[in-house]
$ cat model.tsv   # TSV, C-alpha atoms
chain	number	residue	atom	x	y	z
F	23	MET	CA	31.65	32.75	20.76
F	24	ALA	CA	30.82	29.36	19.28
F	25	GLU	CA	27.35	29.65	20.81
F	26	GLN	CA	26.94	33.13	19.33
F	27	GLN	CA	27.92	31.91	15.88
F	28	ARG	CA	25.38	29.09	16.14
F	29	ALA	CA	22.72	31.52	17.32
F	30	ARG	CA	23.35	33.74	14.32
F	31	ARG	CA	22.87	30.90	11.85
F	32	PRO	CA	19.08	30.50	11.52
F	33	GLY	CA	18.10	26.88	11.80
F	34	GLY	CA	21.59	25.83	12.82
F	35	ARG	CA	20.67	24.30	16.14
F	36	SER	CA	17.38	23.07	14.80
F	37	ALA	CA	19.11	21.29	11.91
F	38	ARG	CA	21.63	19.71	14.29
F	39	VAL	CA	18.86	18.41	16.55
F	40	ARG	CA	17.06	16.98	13.53
F	41	ALA	CA	20.21	15.27	12.27
F	42	ALA	CA	21.02	13.83	15.72
F	43	VAL	CA	17.47	12.54	16.20
F	44	HIS	CA	17.38	11.02	12.71
F	45	GLN	CA	20.70	9.29	13.33
F	46	ALA	CA	19.47	7.99	16.69
F	47	VAL	CA	16.38	6.50	15.00
F	48	THR	CA	18.50	4.87	12.30
F	49	ASP	CA	20.83	3.37	14.93
F	50	LEU	CA	17.98	2.09	17.09
F	51	VAL	CA	16.22	0.56	14.10
F	52	ALA	CA	19.41	-1.26	13.12
F	53	GLU	CA	20.00	-2.49	16.67
F	54	ARG	CA	16.50	-3.37	17.83
F	55	GLY	CA	14.10	-3.18	14.91
F	56	TYR	CA	11.00	-1.06	14.69
F	57	GLY	CA	8.56	-1.29	17.56
F	58	SER	CA	11.22	-1.96	20.17
F	59	PHE	CA	12.09	1.55	21.31
F	60	THR	CA	10.40	4.67	22.61
F	61	VAL	CA	10.66	8.43	22.09
F	62	GLY	CA	12.64	8.46	25.37
F	63	ASP	CA	15.20	6.03	23.92
F	64	VAL	CA	15.57	8.19	20.80
F	65	ALA	CA	15.98	11.38	22.83
F	66	ALA	CA	18.57	9.81	25.14
F	67	ARG	CA	20.58	8.51	22.20
F	68	ALA	CA	20.42	11.87	20.42
F	69	GLY	CA	21.32	13.82	23.58
F	70	VAL	CA	18.17	15.95	23.52
F	71	ALA	CA	15.17	16.29	25.83
F	72	ASP	CA	12.09	14.10	25.26
F	73	THR	CA	10.05	17.28	24.98
F	74	SER	CA	12.17	18.45	22.02
F	75	VAL	CA	11.18	15.32	20.13
F	76	TYR	CA	7.51	15.52	21.08
F	77	ARG	CA	7.32	19.25	20.27
F	78	ARG	CA	8.79	18.78	16.82
F	79	TRP	CA	7.33	15.46	15.70
F	80	GLY	CA	4.33	14.86	17.95
F	81	THR	CA	4.45	11.05	17.91
F	82	LEU	CA	7.05	8.33	17.47
F	83	GLU	CA	5.22	7.24	14.31
F	84	ALA	CA	5.46	10.71	12.77
F	85	LEU	CA	9.18	10.79	13.59
F	86	LEU	CA	9.77	7.36	12.05
F	87	MET	CA	7.93	8.45	8.95
F	88	ASP	CA	9.97	11.67	8.68
F	89	VAL	CA	13.12	9.56	8.80
F	90	ALA	CA	11.76	7.13	6.21
F	91	ILE	CA	10.63	9.88	3.80
F	92	THR	CA	13.92	11.72	4.12
F	93	ARG	CA	15.81	8.49	3.52
F	94	LEU	CA	13.72	7.47	0.54
F	95	THR	CA	13.89	10.85	-1.15
F	96	THR	CA	17.66	10.80	-0.77
F	97	ALA	CA	18.25	7.12	-1.62
F	98	SER	CA	15.74	6.75	-4.49
F	99	PRO	CA	15.14	10.21	-5.97
F	100	VAL	CA	12.57	10.39	-8.75
F	101	PRO	CA	14.62	11.15	-11.90
F	102	ASP	CA	14.00	13.76	-14.60
F	103	THR	CA	16.05	12.68	-17.61
F	104	GLY	CA	13.79	14.13	-20.32
F	105	SER	CA	12.39	10.74	-21.41
F	106	LEU	CA	9.82	8.59	-19.61
F	107	GLU	CA	11.53	5.33	-20.50
F	108	GLN	CA	14.85	6.57	-19.18
F	109	ASP	CA	13.19	8.02	-16.07
F	110	LEU	CA	11.57	4.62	-15.37
F	111	ARG	CA	14.81	2.70	-15.93
F	112	VAL	CA	16.83	4.98	-13.66
F	113	TYR	CA	14.10	4.95	-11.02
F	114	ALA	CA	13.60	1.15	-11.08
F	115	ALA	CA	17.34	0.50	-10.91
F	116	GLY	CA	17.59	2.84	-7.93
F	117	VAL	CA	14.73	1.12	-6.09
F	118	ALA	CA	16.31	-2.29	-6.76
F	119	ARG	CA	19.63	-1.13	-5.33
F	120	ASP	CA	17.86	0.41	-2.37
F	121	VAL	CA	15.74	-2.59	-1.33
F	122	ASN	CA	18.74	-4.88	-1.74
F	123	GLY	CA	20.36	-3.05	1.17
F	124	PRO	CA	19.40	-3.45	4.83
F	125	ASP	CA	18.33	0.19	5.23
F	126	GLY	CA	15.98	0.11	2.26
F	127	LEU	CA	14.42	-3.14	3.36
F	128	ALA	CA	14.05	-1.75	6.89
F	129	ALA	CA	12.28	1.35	5.55
F	130	LEU	CA	9.86	-0.85	3.61
F	131	ARG	CA	9.19	-2.96	6.69
F	132	LEU	CA	8.50	0.24	8.61
F	133	VAL	CA	5.84	1.41	6.17
F	134	ILE	CA	4.17	-1.99	6.47
F	135	SER	CA	4.43	-2.25	10.23
F	136	LEU	CA	2.97	1.22	10.73
F	137	SER	CA	-0.34	-0.14	9.44
F	138	THR	CA	-0.74	-2.01	12.70
F	139	ALA	CA	0.45	0.87	14.89
F	140	GLY	CA	-2.95	2.48	15.44
F	141	PRO	CA	-4.30	5.71	13.92
F	142	ASP	CA	-0.98	7.58	14.26
F	143	GLY	CA	0.76	4.77	12.40
F	144	VAL	CA	-1.82	4.65	9.62
F	145	GLN	CA	-1.68	8.43	9.26
F	146	ALA	CA	2.12	8.37	9.02
F	147	ARG	CA	2.03	5.54	6.50
F	148	ASP	CA	-0.51	7.35	4.34
F	149	ALA	CA	1.53	10.56	4.47
F	150	PHE	CA	4.54	8.61	3.25
F	151	LEU	CA	2.63	6.94	0.41
F	152	ALA	CA	1.00	10.23	-0.61
F	153	GLU	CA	4.38	11.99	-0.75
F	154	ARG	CA	5.90	9.23	-2.86
F	155	GLY	CA	2.81	9.16	-5.05
F	156	ARG	CA	3.14	12.93	-5.67
F	157	GLN	CA	6.79	12.55	-6.72
F	158	LEU	CA	5.96	9.76	-9.16
F	159	GLN	CA	2.92	11.59	-10.51
F	160	ALA	CA	5.12	14.62	-11.25
F	161	MET	CA	7.37	12.36	-13.34
F	162	LEU	CA	4.34	11.04	-15.26
F	163	ASP	CA	2.94	14.57	-15.71
F	164	ARG	CA	6.24	15.73	-17.20
F	165	ALA	CA	6.04	12.84	-19.68
F	166	ARG	CA	2.49	13.73	-20.65
F	167	GLU	CA	3.50	17.37	-21.18
F	168	ARG	CA	6.23	16.18	-23.55
F	169	GLY	CA	3.58	14.32	-25.56
F	170	GLU	CA	4.41	10.85	-24.26
F	171	GLN	CA	1.69	8.42	-23.08
F	172	PRO	CA	2.62	7.56	-19.53
F	173	PRO	CA	1.06	4.70	-17.55
F	174	GLU	CA	-1.00	5.35	-14.42
F	175	GLY	CA	0.82	5.83	-11.14
F	176	LEU	CA	-0.89	2.71	-9.83
F	177	ASP	CA	0.64	0.72	-12.70
F	178	ILE	CA	4.10	1.70	-11.49
F	179	LEU	CA	3.19	0.44	-8.04
F	180	ASP	CA	1.64	-2.79	-9.37
F	181	HIS	CA	4.25	-3.79	-11.94
F	182	ILE	CA	7.56	-2.22	-10.89
F	183	LEU	CA	7.54	-1.53	-7.17
F	184	ALA	CA	5.34	-4.40	-5.94
F	185	PRO	CA	7.38	-7.22	-7.56
F	186	MET	CA	10.63	-5.77	-6.20
F	187	TYR	CA	9.16	-5.14	-2.76
F	188	ILE	CA	7.60	-8.60	-2.42
F	189	ARG	CA	10.69	-10.44	-3.67
F	190	SER	CA	12.76	-8.47	-1.21
F	191	LEU	CA	10.34	-9.04	1.71
F	192	PHE	CA	10.22	-12.76	0.88
F	193	GLY	CA	14.04	-12.99	0.87
F	194	MET	CA	14.18	-13.73	-2.85
F	195	GLY	CA	16.81	-11.11	-3.62
F	196	PRO	CA	19.13	-9.62	-4.51
F	197	LEU	CA	17.38	-7.83	-7.35
F	198	THR	CA	19.57	-7.23	-10.39
F	199	ALA	CA	19.60	-4.35	-12.85
F	200	ALA	CA	18.28	-6.87	-15.40
F	201	ASP	CA	15.30	-7.67	-13.14
F	202	ALA	CA	14.49	-3.98	-12.92
F	203	ASP	CA	14.81	-3.52	-16.69
F	204	THR	CA	12.52	-6.48	-17.40
F	205	LEU	CA	9.85	-4.97	-15.18
F	206	VAL	CA	10.16	-1.63	-16.98
F	207	ASP	CA	9.93	-3.37	-20.38
F	208	ARG	CA	6.72	-5.06	-19.28
F	209	LEU	CA	5.21	-1.86	-17.92
F	210	LEU	CA	5.99	-0.04	-21.17
F	211	ALA	CA	4.46	-2.93	-23.18
F	212	LEU	CA	1.19	-2.46	-21.26
F	213	ARG	CA	0.79	0.93	-22.91
F	214	ALA	CA	1.15	-0.46	-26.42
F	215	PRO	CA	-2.16	-0.36	-28.35
F	216	SER	CA	-3.83	-3.74	-28.14
Z	6	MET	CA	-15.86	-45.09	27.80
Z	7	ALA	CA	-15.41	-41.80	26.06
Z	8	GLU	CA	-11.65	-42.15	26.58
Z	9	GLN	CA	-11.71	-45.65	25.14
Z	10	GLN	CA	-13.58	-44.50	22.08
Z	11	ARG	CA	-11.03	-41.78	21.56
Z	12	ALA	CA	-8.17	-44.24	22.01
Z	13	ARG	CA	-9.67	-46.50	19.36
Z	14	ARG	CA	-9.79	-43.74	16.77
Z	15	PRO	CA	-6.21	-43.44	15.42
Z	16	GLY	CA	-5.11	-39.83	15.35
Z	17	GLY	CA	-8.20	-38.73	17.27
Z	18	ARG	CA	-6.43	-37.17	20.20
Z	19	SER	CA	-3.56	-36.02	18.02
Z	20	ALA	CA	-5.97	-34.28	15.66
Z	21	ARG	CA	-7.77	-32.63	18.57
Z	22	VAL	CA	-4.50	-31.31	20.00
Z	23	ARG	CA	-3.54	-29.97	16.60
Z	24	ALA	CA	-6.90	-28.24	16.16
Z	25	ALA	CA	-6.78	-26.73	19.67
Z	26	VAL	CA	-3.23	-25.47	19.20
Z	27	HIS	CA	-4.04	-24.00	15.77
Z	28	GLN	CA	-7.08	-22.24	17.21
Z	29	ALA	CA	-4.99	-20.89	20.11
Z	30	VAL	CA	-2.47	-19.46	17.66
Z	31	THR	CA	-5.22	-17.86	15.57
Z	32	ASP	CA	-6.77	-16.29	18.68
Z	33	LEU	CA	-3.44	-15.01	20.01
Z	34	VAL	CA	-2.52	-13.55	16.65
Z	35	ALA	CA	-5.84	-11.71	16.49
Z	36	GLU	CA	-5.50	-10.41	20.06
Z	37	ARG	CA	-1.81	-9.54	20.26
Z	38	GLY	CA	-0.25	-9.82	16.80
Z	39	TYR	CA	2.71	-11.94	15.84
Z	40	GLY	CA	5.81	-11.69	17.98
Z	41	SER	CA	3.90	-10.96	21.18
Z	42	PHE	CA	3.33	-14.46	22.56
Z	43	THR	CA	5.31	-17.58	23.42
Z	44	VAL	CA	4.90	-21.35	23.08
Z	45	GLY	CA	3.83	-21.30	26.74
Z	46	ASP	CA	1.00	-18.87	25.96
Z	47	VAL	CA	-0.18	-21.07	23.10
Z	48	ALA	CA	-0.06	-24.24	25.20
Z	49	ALA	CA	-1.95	-22.62	28.09
Z	50	ARG	CA	-4.66	-21.33	25.74
Z	51	ALA	CA	-4.97	-24.74	24.04
Z	52	GLY	CA	-5.03	-26.60	27.36
Z	53	VAL	CA	-2.01	-28.76	26.54
Z	54	ALA	CA	1.49	-29.08	27.98
Z	55	ASP	CA	4.32	-26.93	26.61
Z	56	THR	CA	6.21	-30.14	25.87
Z	57	SER	CA	3.39	-31.34	23.58
Z	58	VAL	CA	3.86	-28.26	21.45
Z	59	TYR	CA	7.65	-28.46	21.41
Z	60	ARG	CA	7.62	-32.22	20.63
Z	61	ARG	CA	5.31	-31.77	17.70
Z	62	TRP	CA	6.43	-28.49	16.15
Z	63	GLY	CA	9.92	-27.88	17.54
Z	64	THR	CA	9.79	-24.08	17.45
Z	65	LEU	CA	7.18	-21.35	17.65
Z	66	GLU	CA	8.14	-20.32	14.12
Z	67	ALA	CA	7.48	-23.81	12.75
Z	68	LEU	CA	4.12	-23.85	14.51
Z	69	LEU	CA	3.16	-20.44	13.11
Z	70	MET	CA	4.13	-21.61	9.65
Z	71	ASP	CA	2.08	-24.79	9.98
Z	72	VAL	CA	-0.92	-22.66	10.87
Z	73	ALA	CA	-0.27	-20.30	7.96
Z	74	ILE	CA	0.21	-23.09	5.39
Z	75	THR	CA	-2.91	-24.92	6.58
Z	76	ARG	CA	-4.88	-21.69	6.41
Z	77	LEU	CA	-3.61	-20.71	2.99
Z	78	THR	CA	-4.19	-24.12	1.45
Z	79	THR	CA	-7.75	-24.06	2.77
Z	80	ALA	CA	-8.53	-20.39	2.04
Z	81	SER	CA	-6.84	-20.09	-1.40
Z	82	PRO	CA	-6.62	-23.56	-2.93
Z	83	VAL	CA	-4.85	-23.79	-6.28
Z	84	PRO	CA	-7.62	-24.60	-8.79
Z	85	ASP	CA	-7.69	-27.24	-11.52
Z	86	THR	CA	-10.44	-26.20	-13.93
Z	87	GLY	CA	-8.93	-27.68	-17.08
Z	88	SER	CA	-7.87	-24.30	-18.54
Z	89	LEU	CA	-4.93	-22.14	-17.50
Z	90	GLU	CA	-6.82	-18.90	-17.99
Z	91	GLN	CA	-9.69	-20.11	-15.83
Z	92	ASP	CA	-7.29	-21.52	-13.23
Z	93	LEU	CA	-5.56	-18.13	-13.02
Z	94	ARG	CA	-8.83	-16.20	-12.76
Z	95	VAL	CA	-10.21	-18.43	-10.02
Z	96	TYR	CA	-6.90	-18.38	-8.17
Z	97	ALA	CA	-6.44	-14.59	-8.41
Z	98	ALA	CA	-10.03	-13.93	-7.29
Z	99	GLY	CA	-9.49	-16.23	-4.30
Z	100	VAL	CA	-6.27	-14.49	-3.28
Z	101	ALA	CA	-7.98	-11.10	-3.58
Z	102	ARG	CA	-10.83	-12.21	-1.33
Z	103	ASP	CA	-8.35	-13.72	1.11
Z	104	VAL	CA	-6.05	-10.71	1.53
Z	105	ASN	CA	-9.07	-8.42	1.85
Z	106	GLY	CA	-9.87	-10.21	5.11
Z	107	PRO	CA	-8.02	-9.75	8.41
Z	108	ASP	CA	-6.87	-13.39	8.59
Z	109	GLY	CA	-5.37	-13.37	5.10
Z	110	LEU	CA	-3.58	-10.10	5.73
Z	111	ALA	CA	-2.31	-11.43	9.07
Z	112	ALA	CA	-0.94	-14.56	7.37
Z	113	LEU	CA	0.89	-12.39	4.84
Z	114	ARG	CA	2.33	-10.24	7.62
Z	115	LEU	CA	3.48	-13.41	9.37
Z	116	VAL	CA	5.44	-14.62	6.35
Z	117	ILE	CA	7.12	-11.23	6.14
Z	118	SER	CA	7.84	-10.92	9.85
Z	119	LEU	CA	9.40	-14.38	10.02
Z	120	SER	CA	12.27	-13.03	7.90
Z	121	THR	CA	13.48	-11.12	10.93
Z	122	ALA	CA	12.88	-13.98	13.40
Z	123	GLY	CA	16.32	-15.59	13.07
Z	124	PRO	CA	17.27	-18.84	11.29
Z	125	ASP	CA	14.13	-20.69	12.50
Z	126	GLY	CA	11.96	-17.93	11.11
Z	127	VAL	CA	13.75	-17.83	7.76
Z	128	GLN	CA	13.52	-21.62	7.49
Z	129	ALA	CA	9.79	-21.56	8.23
Z	130	ARG	CA	9.22	-18.75	5.73
Z	131	ASP	CA	11.14	-20.60	3.02
Z	132	ALA	CA	9.20	-23.82	3.72
Z	133	PHE	CA	5.98	-21.87	3.28
Z	134	LEU	CA	7.09	-20.24	0.02
Z	135	ALA	CA	8.42	-23.55	-1.33
Z	136	GLU	CA	5.11	-25.31	-0.58
Z	137	ARG	CA	3.10	-22.57	-2.26
Z	138	GLY	CA	5.54	-22.54	-5.18
Z	139	ARG	CA	5.06	-26.30	-5.65
Z	140	GLN	CA	1.27	-25.94	-5.74
Z	141	LEU	CA	1.44	-23.18	-8.35
Z	142	GLN	CA	4.06	-25.04	-10.40
Z	143	ALA	CA	1.75	-28.08	-10.52
Z	144	MET	CA	-0.97	-25.82	-11.98
Z	145	LEU	CA	1.48	-24.54	-14.64
Z	146	ASP	CA	2.73	-28.08	-15.39
Z	147	ARG	CA	-0.83	-29.25	-15.97
Z	148	ALA	CA	-1.30	-26.40	-18.47
Z	149	ARG	CA	1.90	-27.31	-20.30
Z	150	GLU	CA	0.80	-30.97	-20.52
Z	151	ARG	CA	-2.44	-29.79	-22.12
Z	152	GLY	CA	-0.40	-27.97	-24.77
Z	153	GLU	CA	-0.88	-24.47	-23.33
Z	154	GLN	CA	2.04	-22.04	-22.92
Z	155	PRO	CA	2.04	-21.12	-19.26
Z	156	PRO	CA	4.07	-18.25	-17.79
Z	157	GLU	CA	6.84	-18.86	-15.28
Z	158	GLY	CA	5.91	-19.30	-11.63
Z	159	LEU	CA	7.90	-16.16	-10.84
Z	160	ASP	CA	5.69	-14.20	-13.26
Z	161	ILE	CA	2.63	-15.16	-11.19
Z	162	LEU	CA	4.39	-13.85	-8.10
Z	163	ASP	CA	5.56	-10.65	-9.83
Z	164	HIS	CA	2.38	-9.69	-11.66
Z	165	ILE	CA	-0.55	-11.23	-9.78
Z	166	LEU	CA	0.41	-11.87	-6.18
Z	167	ALA	CA	2.84	-8.99	-5.59
Z	168	PRO	CA	0.46	-6.19	-6.68
Z	169	MET	CA	-2.34	-7.60	-4.51
Z	170	TYR	CA	-0.05	-8.20	-1.55
Z	171	ILE	CA	1.52	-4.74	-1.66
Z	172	ARG	CA	-1.77	-2.90	-2.12
Z	173	SER	CA	-3.14	-4.84	0.82
Z	174	LEU	CA	-0.06	-4.24	3.00
Z	175	PHE	CA	-0.17	-0.53	2.12
Z	176	GLY	CA	-3.84	-0.30	3.08
Z	177	MET	CA	-4.95	0.41	-0.50
Z	178	GLY	CA	-7.69	-2.21	-0.50
Z	179	PRO	CA	-10.13	-3.71	-0.78
Z	180	LEU	CA	-9.17	-5.54	-3.96
Z	181	THR	CA	-12.07	-6.17	-6.33
Z	182	ALA	CA	-12.70	-9.10	-8.65
Z	183	ALA	CA	-12.08	-6.62	-11.50
Z	184	ASP	CA	-8.62	-5.80	-10.07
Z	185	ALA	CA	-7.77	-9.49	-10.00
Z	186	ASP	CA	-9.03	-10.00	-13.57
Z	187	THR	CA	-7.00	-7.05	-14.88
Z	188	LEU	CA	-3.85	-8.53	-13.38
Z	189	VAL	CA	-4.61	-11.91	-15.00
Z	190	ASP	CA	-5.26	-10.19	-18.37
Z	191	ARG	CA	-1.89	-8.50	-18.15
Z	192	LEU	CA	-0.06	-11.68	-17.18
Z	193	LEU	CA	-1.64	-13.54	-20.11
Z	194	ALA	CA	-0.70	-10.68	-22.47
Z	195	LEU	CA	2.95	-11.11	-21.45
Z	196	ARG	CA	2.92	-14.52	-23.13
Z	197	ALA	CA	1.65	-13.16	-26.42
Z	198	PRO	CA	4.29	-13.29	-29.16
Z	199	SER	CA	5.97	-9.91	-29.45
$ encode --input "model.tsv" --output "structure tokens"
Amino acid sequence: MAEQQRARRPGGRSARVRAAVHQAVTDLVAERGYGSFTVGDVAARAGVADTSVYRRWGTLEALLMDVAITRLTTASPVPDTGSLEQDLRVYAAGVARDVNGPDGLAALRLVISLSTAGPDGVQARDAFLAERGRQLQAMLDRARERGEQPPEGLDILDHILAPMYIRSLFGMGPLTAADADTLVDRLLALRAPS
Amino acid sequence: MAEQQRARRPGGRSARVRAAVHQAVTDLVAERGYGSFTVGDVAARAGVADTSVYRRWGTLEALLMDVAITRLTTASPVPDTGSLEQDLRVYAAGVARDVNGPDGLAALRLVISLSTAGPDGVQARDAFLAERGRQLQAMLDRARERGEQPPEGLDILDHILAPMYIRSLFGMGPLTAADADTLVDRLLALRAPS
């Protein structure tokens, strides 16, 4: 009966497998760090067959990236408040909170470490960066449609994300809400006519 | 005879051991990446006893940091041109060139990966950052003594180094001289009276 109910719910089992595998990755990352476990370890921890993981994700790198993108989109959603300045403040404060925590820092380390994980790693990293870039660009496009003059997406990377990421990677945290606001002030000042 | 000549030159043998050990680290990093070799591997490659390495550097992390600091100070010296703007432009251009290359990127990755290498790693990372911070602060102090209004050291990290480091870590290079100059322009504009 329970099995029949599950079978009738499209995606039910699939969603459960995905959640179990994601949780297994998160646990293994916390325990061992990236680069110290295999698809077999993930499958065993999640209680699924190795082949289920390979069929769905293809490579360990693609799986790690799916976990990181899901996490990032949930932990630091790109806001839509109706004003670019407010969007940037909410977004920067969220990123600061996120990289202050161990999971956020671990996700950042993952993106960086994938660069040295061969072509699959580079592909996964670039997919992650492209997805995040699309979300931020949508925020900037909304501002432009409202008649505001948004900065370039690369400016957000250079002057809001990069300082917070590097301070966090260098152990110079925690980042405060004031730090995030100062970075937003400076980014907005860049757009002022010179 | 050759041995006697060496013995008469103070630091001769010591300097040769240091050079051989540094070269061994550089080779092992290039071949295997950080975290994939031991003090024993370094000693064997350099043709010295393990105890020589331990006596001189104490830990693998301290050795790695010595290599990184030596490399950085040689590859990206802090300039003293007599003008803050020129100092910043020369410095930023040098950092851009450095992180575009595999050795510079590897040194940056080392600093980041030491954060997860336990107390010895964190201590080595902090020693590296403190040394670099002192060199940059000396550049800013010289500017202040000349009557210029330099930015804070943290502003150089946030708005010149961090963007270049993150773009490089995310595989968004290579950084051009124009990229470096734009970052310097923006840092200098921050100091303008608002």
$ closest_atom_pairs --input "model.tsv" --of "chain F" --to "chain Z" --cutoff "6 Å" --atoms "all atoms listed in the file" --output "JSON lines"
{"residue": "F:Ile134", "atom": "CA", "partner": "Z:Leu174", "partner_atom": "CA", "distance": 5.9}
{"residue": "F:Asp180", "atom": "CA", "partner": "Z:Pro168", "partner_atom": "CA", "distance": 4.5}
{"residue": "F:Ala184", "atom": "CA", "partner": "Z:Ala167", "partner_atom": "CA", "distance": 5.2}
{"residue": "F:Pro185", "atom": "CA", "partner": "Z:Asp163", "partner_atom": "CA", "distance": 4.5}
{"residue": "F:Ile188", "atom": "CA", "partner": "Z:Ala167", "partner_atom": "CA", "distance": 5.7}
{"residue": "F:Leu191", "atom": "CA", "partner": "Z:Ile117", "partner_atom": "CA", "distance": 5.9}
$ atom_distance --input "model.tsv" --atom1 "CA of Thr48 (chain F)" --atom2 "CA of Ala202 (chain F)"
27.0 Å
$ closest_residue --input "model.tsv" --among "Z:Pro156, Z:Leu77, Z:Leu193, Z:Thr181" --to "Ala98 (chain Z)" --atoms "only C-alpha atoms"
Z:Thr181
$ atom_distance --input "model.tsv" --atom1 "CA of Arg149 (chain Z)" --atom2 "CA of Pro84 (chain Z)"
15.2 Å
$ residues_around --input "model.tsv" --residues "Met87 (chain F)" --least-positions-apart "5" --cutoff "10 Å" --atoms "only C-alpha atoms" --output "list in words"
Trp79, Thr81, Leu82, Thr92, Arg93, Ala129, Leu132, Val133, Leu136, Gly143, Gln145, Ala146, Arg147, Asp148, Ala149 and Phe150 of chain F
$ residues_around --input "model.tsv" --residues "Asp146 (chain Z)" --least-positions-apart "3" --cutoff "12 Å" --atoms "all atoms listed in the file" --output "PyMOL selection string"
chain Z and resi 85+87-89+138-143+149-158
$ write_last_selection --input "model.tsv" --atoms "C-alpha atoms" --output "PDB file, keeping the file's coordinate frame"
ATOM      1  CA  ASP Z  85      -7.690 -27.240 -11.520  1.00  0.00           C
ATOM      2  CA  GLY Z  87      -8.930 -27.680 -17.080  1.00  0.00           C
ATOM      3  CA  SER Z  88      -7.870 -24.300 -18.540  1.00  0.00           C
ATOM      4  CA  LEU Z  89      -4.930 -22.140 -17.500  1.00  0.00           C
ATOM      5  CA  GLY Z 138       5.540 -22.540  -5.180  1.00  0.00           C
ATOM      6  CA  ARG Z 139       5.060 -26.300  -5.650  1.00  0.00           C
ATOM      7  CA  GLN Z 140       1.270 -25.940  -5.740  1.00  0.00           C
ATOM      8  CA  LEU Z 141       1.440 -23.180  -8.350  1.00  0.00           C
ATOM      9  CA  GLN Z 142       4.060 -25.040 -10.400  1.00  0.00           C
ATOM     10  CA  ALA Z 143       1.750 -28.080 -10.520  1.00  0.00           C
ATOM     11  CA  ARG Z 149       1.900 -27.310 -20.300  1.00  0.00           C
ATOM     12  CA  GLU Z 150       0.800 -30.970 -20.520  1.00  0.00           C
ATOM     13  CA  ARG Z 151      -2.440 -29.790 -22.120  1.00  0.00           C
ATOM     14  CA  GLY Z 152      -0.400 -27.970 -24.770  1.00  0.00           C
ATOM     15  CA  GLU Z 153      -0.880 -24.470 -23.330  1.00  0.00           C
ATOM     16  CA  GLN Z 154       2.040 -22.040 -22.920  1.00  0.00           C
ATOM     17  CA  PRO Z 155       2.040 -21.120 -19.260  1.00  0.00           C
ATOM     18  CA  PRO Z 156       4.070 -18.250 -17.790  1.00  0.00           C
ATOM     19  CA  GLU Z 157       6.840 -18.860 -15.280  1.00  0.00           C
ATOM     20  CA  GLY Z 158       5.910 -19.300 -11.630  1.00  0.00           C
TER      21      GLY Z 158
END
$ closest_residue --input "model.tsv" --among "F:Pro99, F:Gly195, F:Gly57, F:Gly69" --to "Ala118 (chain F)" --atoms "only C-alpha atoms"
F:Gly195
